[in-house]
Structure formats: structure tokens, C-alpha cells
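Pasting upload_14.cif here (mmCIF, C-alpha atoms and all ligand atoms):
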```
data_target
loop_
_atom_site.label_atom_id
_atom_site.label_comp_id
_atom_site.auth_asym_id
_atom_site.auth_seq_id
_atom_site.Cartn_x
_atom_site.Cartn_y
_atom_site.Cartn_z
CA MET A 1 -0.95 5.57 -6.62
CA PRO A 2 -0.46 3.82 -9.96
CA ILE A 3 3.14 3.25 -11.05
CA PRO A 4 3.47 4.25 -14.72
CA GLY A 5 5.16 1.59 -16.91
CA THR A 6 6.92 2.09 -20.25
CA ASN A 7 3.66 1.68 -22.18
CA THR A 8 1.63 3.94 -19.88
CA ILE A 9 0.06 7.10 -21.28
CA ASP A 10 0.08 9.47 -18.33
CA LEU A 11 -2.52 12.19 -18.79
CA ARG A 12 -2.69 13.12 -15.09
CA SER A 13 -0.49 16.19 -15.54
CA ASP A 14 2.28 17.75 -17.59
CA THR A 15 4.32 17.59 -14.38
CA LYS A 16 4.76 13.84 -14.96
CA THR A 17 7.32 14.22 -17.75
CA LEU A 18 10.79 12.75 -17.22
CA PRO A 19 14.00 14.64 -18.08
CA THR A 20 15.36 13.97 -21.57
CA ASP A 21 18.88 12.69 -22.27
CA GLU A 22 19.80 16.21 -23.40
CA MET A 23 18.64 17.61 -20.05
CA ARG A 24 20.58 14.98 -18.12
CA ARG A 25 23.74 15.72 -20.11
CA ALA A 26 23.32 19.47 -19.52
CA MET A 27 22.87 18.82 -15.80
CA ALA A 28 26.03 16.70 -15.65
CA GLU A 29 28.09 19.32 -17.49
CA ALA A 30 26.65 22.47 -15.85
CA GLU A 31 29.08 25.06 -14.54
CA VAL A 32 27.93 25.73 -10.96
CA GLY A 33 28.62 27.87 -7.89
CA ASP A 34 26.95 29.10 -4.72
CA ASP A 35 23.75 30.66 -6.04
CA LYS A 36 22.70 32.08 -2.67
CA ALA A 37 25.75 34.31 -3.03
CA GLY A 38 24.92 34.98 -6.69
CA GLU A 39 27.88 32.84 -7.84
CA ASP A 40 26.20 30.21 -10.00
CA PRO A 41 26.81 31.22 -13.63
CA THR A 42 24.25 28.76 -15.04
CA VAL A 43 21.49 30.13 -12.81
CA SER A 44 22.47 33.75 -13.46
CA ARG A 45 22.50 33.21 -17.24
CA LEU A 46 19.08 31.54 -17.11
CA GLU A 47 17.64 34.40 -15.03
CA GLN A 48 18.95 36.95 -17.50
CA MET A 49 17.76 34.95 -20.50
CA CYS A 50 14.22 34.64 -19.07
CA ALA A 51 14.03 38.32 -18.16
CA GLU A 52 15.03 39.26 -21.72
CA LEU A 53 12.57 36.77 -23.21
CA LEU A 54 9.72 38.26 -21.18
CA GLY A 55 10.77 41.88 -21.57
CA LYS A 56 11.40 42.38 -17.85
CA GLU A 57 14.46 43.79 -16.09
CA ALA A 58 15.42 40.79 -13.98
CA GLY A 59 14.60 37.20 -13.05
CA LEU A 60 14.86 34.92 -10.01
CA PHE A 61 15.08 31.12 -10.14
CA VAL A 62 12.91 29.32 -7.57
CA VAL A 63 12.18 25.67 -6.89
CA SER A 64 8.48 25.56 -7.77
CA GLY A 65 5.47 27.40 -9.08
CA THR A 66 4.03 27.58 -5.59
CA MET A 67 7.20 29.18 -4.26
CA GLY A 68 7.35 31.56 -7.23
CA ASN A 69 3.82 32.79 -6.60
CA LEU A 70 4.36 33.03 -2.84
CA VAL A 71 7.63 34.95 -3.10
CA ALA A 72 6.27 37.32 -5.75
CA ILE A 73 3.03 37.99 -3.87
CA LYS A 74 4.80 38.53 -0.55
CA SER A 75 7.22 40.91 -2.25
CA LEU A 76 4.38 43.06 -3.61
CA THR A 77 2.03 43.24 -0.61
CA GLU A 78 1.69 44.01 3.10
CA PRO A 79 -0.07 41.79 5.68
CA GLY A 80 -3.72 42.74 6.20
CA GLN A 81 -4.32 43.70 2.59
CA GLU A 82 -6.82 42.04 0.29
CA VAL A 83 -5.82 40.19 -2.87
CA ILE A 84 -8.29 39.89 -5.74
CA LEU A 85 -8.24 36.58 -7.59
CA GLU A 86 -10.49 34.40 -9.69
CA ARG A 87 -12.67 31.98 -7.72
CA LEU A 88 -10.77 28.92 -8.99
CA ALA A 89 -7.28 30.42 -9.04
CA HIS A 90 -4.49 27.94 -8.32
CA VAL A 91 -2.97 30.33 -5.79
CA TYR A 92 -6.28 30.39 -3.91
CA LEU A 93 -7.20 26.70 -4.08
CA TRP A 94 -4.04 24.63 -4.30
CA GLU A 95 -1.11 26.39 -2.70
CA GLY A 96 -1.70 25.50 0.92
CA GLY A 97 -3.19 28.83 1.91
CA GLY A 98 0.26 30.45 1.72
CA ILE A 99 -1.15 33.81 0.69
CA SER A 100 -2.94 33.93 4.05
CA ALA A 101 -0.55 31.96 6.27
CA ILE A 102 2.67 33.55 5.03
CA CYS A 103 1.65 36.77 3.25
CA GLY A 104 -1.16 37.64 5.71
CA LEU A 105 -3.54 38.47 2.86
CA LEU A 106 -7.30 38.14 2.69
CA PRO A 107 -8.41 36.58 -0.59
CA ARG A 108 -11.31 38.34 -2.28
CA THR A 109 -12.47 36.02 -5.03
CA ILE A 110 -14.45 36.81 -8.17
CA PRO A 111 -16.18 34.27 -10.41
CA GLY A 112 -14.81 34.40 -13.93
CA ASN A 113 -16.34 33.44 -17.26
CA ARG A 114 -14.38 30.30 -18.14
CA GLY A 115 -11.78 31.55 -15.66
CA VAL A 116 -11.62 35.09 -17.05
CA MET A 117 -12.60 37.87 -14.63
CA SER A 118 -14.28 40.96 -16.07
CA PRO A 119 -12.61 44.34 -15.53
CA GLU A 120 -15.94 45.61 -14.12
CA ALA A 121 -16.02 42.88 -11.46
CA VAL A 122 -12.41 43.64 -10.51
CA GLU A 123 -13.19 47.35 -10.30
CA ALA A 124 -16.16 46.61 -8.05
CA ALA A 125 -14.07 44.40 -5.75
CA ILE A 126 -11.34 46.97 -5.11
CA SER A 127 -11.12 48.50 -1.65
CA ASP A 128 -9.16 51.72 -1.18
CA GLY A 129 -8.94 51.14 2.56
CA SER A 130 -11.14 54.12 3.45
CA ASN A 131 -13.87 51.81 4.78
CA VAL A 132 -12.89 50.90 8.33
CA HIS A 133 -14.32 47.41 7.86
CA ARG A 134 -11.99 46.38 5.06
CA GLY A 135 -8.30 46.10 4.31
CA ALA A 136 -7.06 47.92 1.23
CA THR A 137 -6.63 45.90 -1.94
CA GLY A 138 -2.93 45.19 -2.24
CA LEU A 139 -2.79 43.02 -5.35
CA LEU A 140 -4.63 41.68 -8.37
CA GLU A 141 -3.63 38.10 -9.19
CA LEU A 142 -4.16 36.61 -12.68
CA GLU A 143 -3.57 33.10 -14.04
CA ASN A 144 -2.60 32.31 -17.65
CA THR A 145 -3.33 29.62 -18.65
CA HIS A 146 -6.09 29.00 -16.12
CA ASN A 147 -5.69 25.47 -14.80
CA MET A 148 -9.11 24.83 -13.23
CA ALA A 149 -10.90 26.45 -16.16
CA GLY A 150 -9.31 23.81 -18.41
CA GLY A 151 -6.24 25.61 -19.73
CA VAL A 152 -8.01 28.75 -20.96
CA ALA A 153 -5.57 31.39 -22.27
CA LEU A 154 -6.04 35.08 -21.49
CA THR A 155 -5.55 37.35 -24.49
CA VAL A 156 -3.22 40.36 -24.57
CA GLU A 157 -6.28 42.64 -24.57
CA GLN A 158 -7.92 40.90 -21.59
CA THR A 159 -4.68 41.06 -19.62
CA ARG A 160 -4.21 44.72 -20.42
CA ALA A 161 -7.79 45.64 -19.52
CA LEU A 162 -7.53 43.90 -16.14
CA CYS A 163 -4.14 45.47 -15.40
CA ASP A 164 -5.44 48.92 -16.37
CA VAL A 165 -8.13 48.66 -13.69
CA ALA A 166 -5.67 47.65 -10.98
CA HIS A 167 -2.99 50.17 -11.99
CA GLY A 168 -5.64 52.91 -12.11
CA HIS A 169 -5.89 52.41 -8.35
CA GLY A 170 -2.12 52.04 -7.85
CA ILE A 171 -2.49 48.29 -7.29
CA PRO A 172 0.21 45.94 -8.66
CA VAL A 173 -0.59 42.79 -10.67
CA HIS A 174 1.02 39.36 -10.33
CA LEU A 175 0.56 36.79 -13.07
CA ASP A 176 0.68 33.07 -12.30
CA GLY A 177 1.95 32.12 -15.73
CA ALA A 178 2.82 28.53 -14.87
CA ARG A 179 1.96 27.70 -18.51
CA ILE A 180 2.52 31.11 -20.13
CA PHE A 181 4.21 29.51 -23.16
CA ASN A 182 1.04 27.50 -23.84
CA ALA A 183 -0.95 30.72 -23.62
CA ALA A 184 1.39 32.41 -26.09
CA VAL A 185 1.07 29.54 -28.57
CA ALA A 186 -2.72 29.46 -28.20
CA ARG A 187 -3.01 33.21 -28.73
CA GLY A 188 -0.37 33.38 -31.47
CA VAL A 189 1.70 36.03 -29.68
CA GLU A 190 5.13 36.28 -28.05
CA PRO A 191 5.10 35.47 -24.30
CA ALA A 192 6.46 38.99 -23.65
CA GLU A 193 3.27 40.51 -25.08
CA LEU A 194 1.17 38.63 -22.54
CA VAL A 195 3.24 39.81 -19.59
CA THR A 196 4.05 43.40 -20.59
CA PRO A 197 1.35 44.97 -18.38
CA VAL A 198 1.93 42.84 -15.25
CA ASP A 199 4.33 43.81 -12.48
CA SER A 200 5.51 40.27 -11.82
CA VAL A 201 5.17 36.92 -13.53
CA GLN A 202 5.96 33.38 -12.45
CA PHE A 203 6.34 30.56 -14.97
CA CYS A 204 7.24 26.89 -14.58
CA PHE A 205 9.94 24.88 -16.33
CA SER A 206 8.56 21.71 -14.77
CA LYS A 207 5.12 21.72 -16.43
CA SER A 208 4.56 21.81 -20.18
CA LEU A 209 8.21 22.74 -20.83
CA GLY A 210 9.18 19.31 -19.47
CA ALA A 211 12.10 20.09 -17.12
CA PRO A 212 12.39 18.13 -13.86
CA VAL A 213 12.31 21.14 -11.53
CA GLY A 214 12.19 24.92 -11.27
CA SER A 215 10.25 28.09 -11.93
CA MET A 216 11.21 31.67 -12.76
CA ILE A 217 9.90 34.98 -11.42
CA CYS A 218 10.46 38.06 -13.56
CA GLY A 219 9.83 41.74 -12.95
CA SER A 220 11.63 45.01 -12.28
CA ARG A 221 15.13 45.01 -10.80
CA GLU A 222 13.79 46.51 -7.56
CA PHE A 223 11.06 43.84 -7.30
CA ILE A 224 13.56 41.03 -7.88
CA GLU A 225 15.84 42.42 -5.17
CA ARG A 226 12.96 42.21 -2.69
CA ALA A 227 11.98 38.78 -4.00
CA ARG A 228 15.55 37.51 -3.53
CA HIS A 229 15.30 38.45 0.13
CA VAL A 230 11.84 36.86 0.54
CA ARG A 231 13.04 33.68 -1.22
CA ASN A 232 15.75 33.36 1.43
CA VAL A 233 13.24 33.96 4.24
CA VAL A 234 11.12 31.02 3.06
CA GLY A 235 14.20 28.82 2.74
CA GLY A 236 14.26 28.86 -1.03
CA ALA A 237 17.76 30.22 -1.65
CA MET A 238 19.78 27.39 -3.17
CA ARG A 239 23.47 26.64 -3.53
CA GLN A 240 24.74 24.82 -6.69
CA ALA A 241 21.34 25.16 -8.37
CA GLY A 242 22.95 25.31 -11.80
CA VAL A 243 22.35 21.56 -12.17
CA MET A 244 18.62 22.34 -12.21
CA ALA A 245 18.91 25.54 -14.21
CA ALA A 246 20.82 23.65 -16.92
CA ALA A 247 17.87 21.30 -17.50
CA ALA A 248 15.48 24.25 -17.35
CA ARG A 249 17.47 25.99 -20.07
CA VAL A 250 17.23 22.96 -22.36
CA ALA A 251 13.46 22.93 -21.73
CA LEU A 252 13.20 26.62 -22.58
CA GLU A 253 15.17 26.20 -25.79
CA THR A 254 13.41 23.07 -27.03
CA ALA A 255 9.82 23.00 -25.74
CA PRO A 256 7.97 26.16 -26.83
CA GLY A 257 8.33 25.29 -30.52
CA ARG A 258 6.48 22.01 -30.07
CA LEU A 259 3.67 22.98 -27.66
CA HIS A 260 1.22 23.28 -30.55
CA GLU A 261 1.44 19.47 -30.87
CA ASP A 262 0.17 19.07 -27.28
CA HIS A 263 -2.65 21.49 -28.05
CA GLU A 264 -3.62 19.54 -31.17
CA ASN A 265 -3.61 16.28 -29.23
CA ALA A 266 -5.78 17.78 -26.46
CA ARG A 267 -8.18 19.09 -29.11
CA THR A 268 -8.41 15.64 -30.72
CA ILE A 269 -9.22 14.06 -27.35
CA GLY A 270 -11.74 16.82 -26.54
CA GLU A 271 -13.54 16.44 -29.86
CA THR A 272 -13.68 12.67 -29.47
CA LEU A 273 -15.16 13.02 -25.99
CA ALA A 274 -17.70 15.60 -27.15
CA GLU A 275 -19.19 12.99 -29.48
CA LEU A 276 -19.60 10.33 -26.81
CA PRO A 277 -22.90 9.89 -24.94
CA GLY A 278 -23.24 11.33 -21.43
CA ILE A 279 -19.94 13.21 -21.55
CA ASP A 280 -19.87 17.00 -21.14
CA VAL A 281 -16.89 18.83 -22.61
CA ASP A 282 -16.85 22.57 -23.13
CA LEU A 283 -14.75 22.70 -26.31
CA GLU A 284 -14.47 26.49 -25.91
CA THR A 285 -12.10 25.82 -23.02
CA VAL A 286 -9.92 23.32 -24.90
CA GLN A 287 -7.44 25.95 -26.06
CA THR A 288 -4.15 24.51 -24.82
CA ASN A 289 -2.99 21.16 -23.39
CA MET A 290 -5.89 20.33 -21.05
CA VAL A 291 -9.30 18.73 -21.36
CA ASN A 292 -11.83 18.99 -18.53
CA LEU A 293 -14.76 16.61 -18.83
CA GLU A 294 -17.79 15.66 -16.80
CA VAL A 295 -19.30 12.19 -16.75
CA ARG A 296 -23.13 12.42 -16.71
CA ARG A 297 -24.20 8.79 -17.10
CA GLU A 298 -26.25 6.24 -15.18
CA ASP A 299 -23.84 3.36 -15.82
CA LEU A 300 -20.57 5.07 -14.94
CA ASP A 301 -19.10 7.84 -12.79
CA ALA A 302 -15.76 9.64 -13.07
CA PRO A 303 -13.80 7.31 -10.73
CA SER A 304 -15.05 4.23 -12.62
CA LEU A 305 -14.10 5.83 -15.95
CA CYS A 306 -10.59 6.50 -14.59
CA ARG A 307 -10.36 2.86 -13.46
CA ALA A 308 -11.55 1.65 -16.87
CA LEU A 309 -8.90 3.80 -18.57
CA ALA A 310 -6.24 2.42 -16.21
CA ASP A 311 -7.03 -1.04 -17.65
CA TYR A 312 -5.87 0.41 -20.99
CA ASP A 313 -2.72 1.73 -19.28
CA ILE A 314 -4.02 5.31 -19.49
CA LEU A 315 -3.87 7.47 -16.36
CA ALA A 316 -6.19 10.42 -15.70
CA ILE A 317 -6.93 12.67 -12.72
CA CYS A 318 -10.34 12.27 -11.19
CA ARG A 319 -11.40 15.53 -9.55
CA SER A 320 -14.77 14.48 -8.16
CA ASP A 321 -17.54 11.94 -8.79
CA VAL A 322 -18.18 13.64 -12.13
CA ALA A 323 -15.07 15.61 -13.11
CA ILE A 324 -11.91 14.38 -14.82
CA ARG A 325 -8.91 16.27 -16.16
CA LEU A 326 -6.68 15.06 -18.99
CA VAL A 327 -3.40 16.82 -19.81
CA THR A 328 -1.22 16.30 -22.88
CA HIS A 329 2.55 16.89 -22.87
CA VAL A 330 5.83 16.08 -24.58
CA GLN A 331 5.60 12.39 -23.63
CA VAL A 332 2.14 11.93 -25.20
CA THR A 333 2.62 11.30 -28.93
CA ARG A 334 0.12 11.49 -31.79
CA GLU A 335 -0.02 7.68 -31.71
CA ASP A 336 -0.73 7.76 -27.94
CA THR A 337 -3.54 10.23 -28.62
CA ARG A 338 -5.10 7.78 -31.09
CA ARG A 339 -4.82 5.04 -28.44
CA VAL A 340 -6.58 7.30 -25.90
CA CYS A 341 -9.41 8.10 -28.32
CA ASP A 342 -9.86 4.41 -29.19
CA ALA A 343 -10.02 3.49 -25.50
CA LEU A 344 -12.55 6.26 -24.79
CA ARG A 345 -14.76 5.07 -27.66
CA GLU A 346 -14.58 1.46 -26.42
CA VAL A 347 -15.44 2.36 -22.81
CA LEU A 348 -18.04 5.06 -23.52
CA GLY A 349 -19.38 4.34 -27.00
C1 LIG B 1 -1.54 27.38 -12.67
C2 LIG B 1 -0.57 26.79 -11.69
N1 LIG B 1 0.11 27.61 -10.89
C3 LIG B 1 0.99 27.15 -9.99
C4 LIG B 1 1.21 25.80 -9.86
C5 LIG B 1 2.15 25.32 -8.79
O1 LIG B 1 3.30 24.74 -9.29
P1 LIG B 1 4.17 23.73 -8.40
O2 LIG B 1 3.41 22.46 -8.37
O3 LIG B 1 5.46 23.61 -9.17
O4 LIG B 1 4.38 24.33 -7.10
C6 LIG B 1 0.51 24.90 -10.67
C7 LIG B 1 0.73 23.46 -10.52
O5 LIG B 1 0.14 22.64 -11.18
C8 LIG B 1 -0.41 25.42 -11.61
O6 LIG B 1 -1.12 24.61 -12.40
#
```
What's the C-alpha cells form of this structure?
Ligand SMILES: Cc1ncc(COP(=O)(O)O)c(C=O)c1O
Amino acid sequence: MPIPGTNTIDLRSDTKTLPTDEMRRAMAEAEVGDDKAGEDPTVSRLEQMCAELLGKEAGLFVVSGTMGNLVAIKSLTEPGQEVILERLAHVYLWEGGGISAICGLLPRTIPGNRGVMSPEAVEAAISDGSNVHRGATGLLELENTHNMAGGVALTVEQTRALCDVAHGHGIPVHLDGARIFNAAVARGVEPAELVTPVDSVQFCFSKSLGAPVGSMICGSREFIERARHVRNVVGGAMRQAGVMAAAARVALETAPGRLHEDHENARTIGETLAELPGIDVDLETVQTNMVNLEVRREDLDAPSLCRALADYDILAICRSDVAIRLVTHVQVTREDTRRVCDALREVLG
């Protein structure tokens, strides 16, 4: 693994950001208590603040996006049920199979158009349990923004239409909103509007918001009560977690207002790449802080492009022999973006 230096531009992920001085100060000064017993005022205030921000009744602080999704999904389902998700959903591909191993669910995947499932396909995939060969559908899972699709943001209308199908069959909906604030900026709406129709939502402080750790689950009071129990079962109840919640709060108060800069920088990189020979970029998907590209050249494959960029002190994630992902974040400036574009032109031009 490369060790980033002070001059490194790290485009591997928005999880690579380091806590700011303001976050570190807030952590040092945080009022804390035993959160497993509900006695940490900094955590409790953050949970309440997030619930209000998203228009839900209650919130629950968890250590990671993976845990947030797992706890929420387990709280809404029964073992043996099916869960409908998009073919490239993070929960399906990259969370260690927890929905099967721990929730006992059978994933029923649907291919989306740039990550977006159609309501008709969801309707067709639903099982009411009357067929002896199938478990009943217990959950519809959505992702906004969609990581593997390149940061594509669901609209309010798309979210509502998908939820309407599930709710029409009495099926709850969980939203993996790891980057829901990016989606809100991209769609020009309040985050609450994007989560109104879902039963539960998970979002991450440790991704584009730039905090060192933590995620939040929000939903009804009854759901959060169940989730609090499940979080303890999976070992996720914490003690003086206010030190982490304090940094998360700084992230929540400072980051959303600047996410458009990350989106502009990703767009600039995407447009530069689209002009270079043998590089495929679907600019339709470059809506937030990610750029997915494919290298289709005789002289170079994706791993060698990543190595060439590393010589310019630029780090990128190589997903296969052809696919690369670049992610912008708070520690990638406008000037860094120019440096990335210059390096890409030199290597690929
Ligand atoms: C869409 C999405 N959901 C969930 C997660 C999981 O978050 P964590 O790595 O904090 O467990 C990620 C991580 O990148 C993600 O991109």
C-alpha cells in the first residue's frame, strides 16, 4: 500500500480524509458518558440533531456504514426472507455477506440503469411468500449515491416511486445513504426530501463529510429501539463515544455547504478524461464526487495508469484491468484538480 505524503493527492476514496484541527479540538473537549446506557450527552445530541435534519423520529450512532446497514436491515427483516437490491449495491458486494451471514436474507438482485432500478423491475421481483419455492420479500434496499455506478444520485421522484412499490406490498425500505448529502447537493434538495419515503436510512460521517469515524441510522422511534438492541448484539454499543460524535458533529456542520466544490472538481477531471484517447467515461454518471473510467488502449491498462499517476504523487483505486475510480473530497483542492488533469494529459495525451 502506498503511504501518502504531504504532497500526495489521494483520490482513492473520500474515506482517506484526516480530521481537521477543529474536529480534534471538539474531540478533546467533548462531554462524554456511557453511551451504552444512553448517558453520553454528545452522542445523544448528535442523534437528535440528525433525526431532526432528516425528518425522522430518532437516530442511532454506529461505528461504520457497514454496521449501520447491517443493524438497520436486521432490525427490519426476518431470517429466510428475500431482500431486493441493485446488482452492484454496496450492501450486496462489499459488506462481507452480512445480510446473509447475520440477517439470514437471500439477496435478489436487479440490474439498474446507471445504478437506478426501475419500479417495474422491483414490482416483478417481489415475492409475497405464497409460492412454496420462495421466501417472502422482506425488504427493498436502495443506495444514494450509488457507489459502483459512479456516484449517481437518485432523485426524490425516483426514490418515492420505488418506495411506493415496496410499501404497496407492505415491504419496508432501507436506504444506504452513505453519501446522502452529496445526493442532496447534486439534486438541489434538502437531504430530508430524499429520505422522507424510506423507513430507515444510514449515512456516513467518515466519507465525504470528512470525519474520522461514525455513521448514523435514522427512522421511527420504534425502529431505533429495535436497532439499539441489534447494535448491542453485534458488539456495536459503545461507551464514551462522544469523542467520535464530537468530530462527526463538526463534519455535519461544516461539510455539506462545501460538497459542491468536490462535485465541480470531479466534473473537471471527468471532462478532461473524456477528451483523452482510449478512455471511456460516462459523464452522465459524474454527478457527485466520483469518476469511474475505463482504460481501452493498446499501450496501457488500468494498473499501469495507476502506477504512472503514482509517479506524479496521485493515488487512484484500480478496480480491474480496465476500471479505475477517482474520488474527490475536502482534501483535494482546485489546484490539486488542475495538477491531476495535467498529469492525466501528460500520461494519456
Ligand atoms: C455506498 C456505501 N455504503 C456503505 C459503505 C460502508 O461504509 P464503511 O466502510 O464505513 O463500513 C460504503 C463504503 O465505502 C459505501 O460506499
Would you list the residues that come within 6 Å of ligand LIG 1 (chain B)? Count all atoms listed in the file and give the answer as a PDB file with C-alpha atoms, in the frame of the given file.
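Contents of the output file out.pdb:
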```
ATOM      1  CA  SER A  64       8.480  25.560  -7.770  1.00  0.00           C
ATOM      2  CA  GLY A  65       5.470  27.400  -9.080  1.00  0.00           C
ATOM      3  CA  THR A  66       4.030  27.580  -5.590  1.00  0.00           C
ATOM      4  CA  HIS A  90      -4.490  27.940  -8.320  1.00  0.00           C
ATOM      5  CA  HIS A 146      -6.090  29.000 -16.120  1.00  0.00           C
ATOM      6  CA  ASN A 147      -5.690  25.470 -14.800  1.00  0.00           C
ATOM      7  CA  ASP A 176       0.680  33.070 -12.300  1.00  0.00           C
ATOM      8  CA  ALA A 178       2.820  28.530 -14.870  1.00  0.00           C
TER       9      ALA A 178
END
```
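Taking atom CA of A:Leu194 and atom CA of A:Asp282 as the two end points, the separation is 24.1 Å.
Distances to A:Glu39 were evaluated for A:Arg239, A:Arg307, A:Arg325, A:Arg108 using all atoms listed in the file, and the minimum falls at A:Arg239.
The closest residue to A:Glu31, picked from A:Ala184, A:Ala246, A:Val122, A:Leu60 and counting all atoms listed in the file, is A:Ala246.
Shortest separation to A:Ala30 among A:Arg249, A:Arg231, A:Lys207, A:Arg12 occurs at residue A:Arg249, atoms counted being all atoms listed in the file.
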Could you add the missing atoms to stretch 253-272 of chain A, up to N, CA and C atoms, and return them as an mmCIF file, keeping the file's coordinate frame?
```cif
data_model
loop_
_atom_site.group_PDB
_atom_site.id
_atom_site.type_symbol
_atom_site.label_atom_id
_atom_site.label_comp_id
_atom_site.auth_asym_id
_atom_site.auth_seq_id
_atom_site.Cartn_x
_atom_site.Cartn_y
_atom_site.Cartn_z
ATOM 1 N N GLU A 253 14.705 26.101 -24.400
ATOM 2 C CA GLU A 253 15.170 26.200 -25.790
ATOM 3 C C GLU A 253 14.470 25.206 -26.708
ATOM 4 N N THR A 254 13.950 24.123 -26.151
ATOM 5 C CA THR A 254 13.410 23.070 -27.030
ATOM 6 C C THR A 254 11.885 22.967 -27.007
ATOM 7 N N ALA A 255 11.241 23.323 -25.886
ATOM 8 C CA ALA A 255 9.820 23.000 -25.740
ATOM 9 C C ALA A 255 8.837 23.962 -26.435
ATOM 10 N N PRO A 256 9.022 25.280 -26.318
ATOM 11 C CA PRO A 256 7.970 26.160 -26.830
ATOM 12 C C PRO A 256 7.603 25.889 -28.290
ATOM 13 N N GLY A 257 8.579 25.521 -29.096
ATOM 14 C CA GLY A 257 8.330 25.290 -30.520
ATOM 15 C C GLY A 257 7.480 24.073 -30.812
ATOM 16 N N ARG A 258 7.275 23.213 -29.808
ATOM 17 C CA ARG A 258 6.480 22.010 -30.070
ATOM 18 C C ARG A 258 5.166 21.962 -29.265
ATOM 19 N N LEU A 259 4.873 23.012 -28.514
ATOM 20 C CA LEU A 259 3.670 22.980 -27.660
ATOM 21 C C LEU A 259 2.379 22.869 -28.476
ATOM 22 N N HIS A 260 2.425 23.383 -29.720
ATOM 23 C CA HIS A 260 1.220 23.280 -30.550
ATOM 24 C C HIS A 260 0.808 21.815 -30.744
ATOM 25 N N GLU A 261 1.779 20.892 -30.713
ATOM 26 C CA GLU A 261 1.440 19.470 -30.870
ATOM 27 C C GLU A 261 0.591 18.997 -29.684
ATOM 28 N N ASP A 262 0.960 19.433 -28.475
ATOM 29 C CA ASP A 262 0.170 19.070 -27.280
ATOM 30 C C ASP A 262 -1.242 19.634 -27.387
ATOM 31 N N HIS A 263 -1.334 20.845 -27.918
ATOM 32 C CA HIS A 263 -2.650 21.490 -28.050
ATOM 33 C C HIS A 263 -3.499 20.730 -29.066
ATOM 34 N N GLU A 264 -2.872 20.307 -30.160
ATOM 35 C CA GLU A 264 -3.620 19.540 -31.170
ATOM 36 C C GLU A 264 -4.096 18.215 -30.586
ATOM 37 N N ASN A 265 -3.223 17.572 -29.818
ATOM 38 C CA ASN A 265 -3.610 16.280 -29.230
ATOM 39 C C ASN A 265 -4.749 16.459 -28.220
ATOM 40 N N ALA A 266 -4.688 17.523 -27.424
ATOM 41 C CA ALA A 266 -5.780 17.780 -26.460
ATOM 42 C C ALA A 266 -7.079 18.038 -27.216
ATOM 43 N N ARG A 267 -6.989 18.767 -28.292
ATOM 44 C CA ARG A 267 -8.180 19.090 -29.110
ATOM 45 C C ARG A 267 -8.781 17.800 -29.667
ATOM 46 N N THR A 268 -7.920 16.911 -30.169
ATOM 47 C CA THR A 268 -8.410 15.640 -30.720
ATOM 48 C C THR A 268 -9.151 14.847 -29.641
ATOM 49 N N ILE A 269 -8.570 14.799 -28.456
ATOM 50 C CA ILE A 269 -9.220 14.060 -27.350
ATOM 51 C C ILE A 269 -10.533 14.745 -26.980
ATOM 52 N N GLY A 270 -10.525 16.065 -26.894
ATOM 53 C CA GLY A 270 -11.740 16.820 -26.540
ATOM 54 C C GLY A 270 -12.852 16.574 -27.548
ATOM 55 N N GLU A 271 -12.507 16.623 -28.819
ATOM 56 C CA GLU A 271 -13.540 16.440 -29.860
ATOM 57 C C GLU A 271 -14.077 15.020 -29.855
ATOM 58 N N THR A 272 -13.216 14.060 -29.566
ATOM 59 C CA THR A 272 -13.680 12.670 -29.470
ATOM 60 C C THR A 272 -14.658 12.537 -28.306
#
```
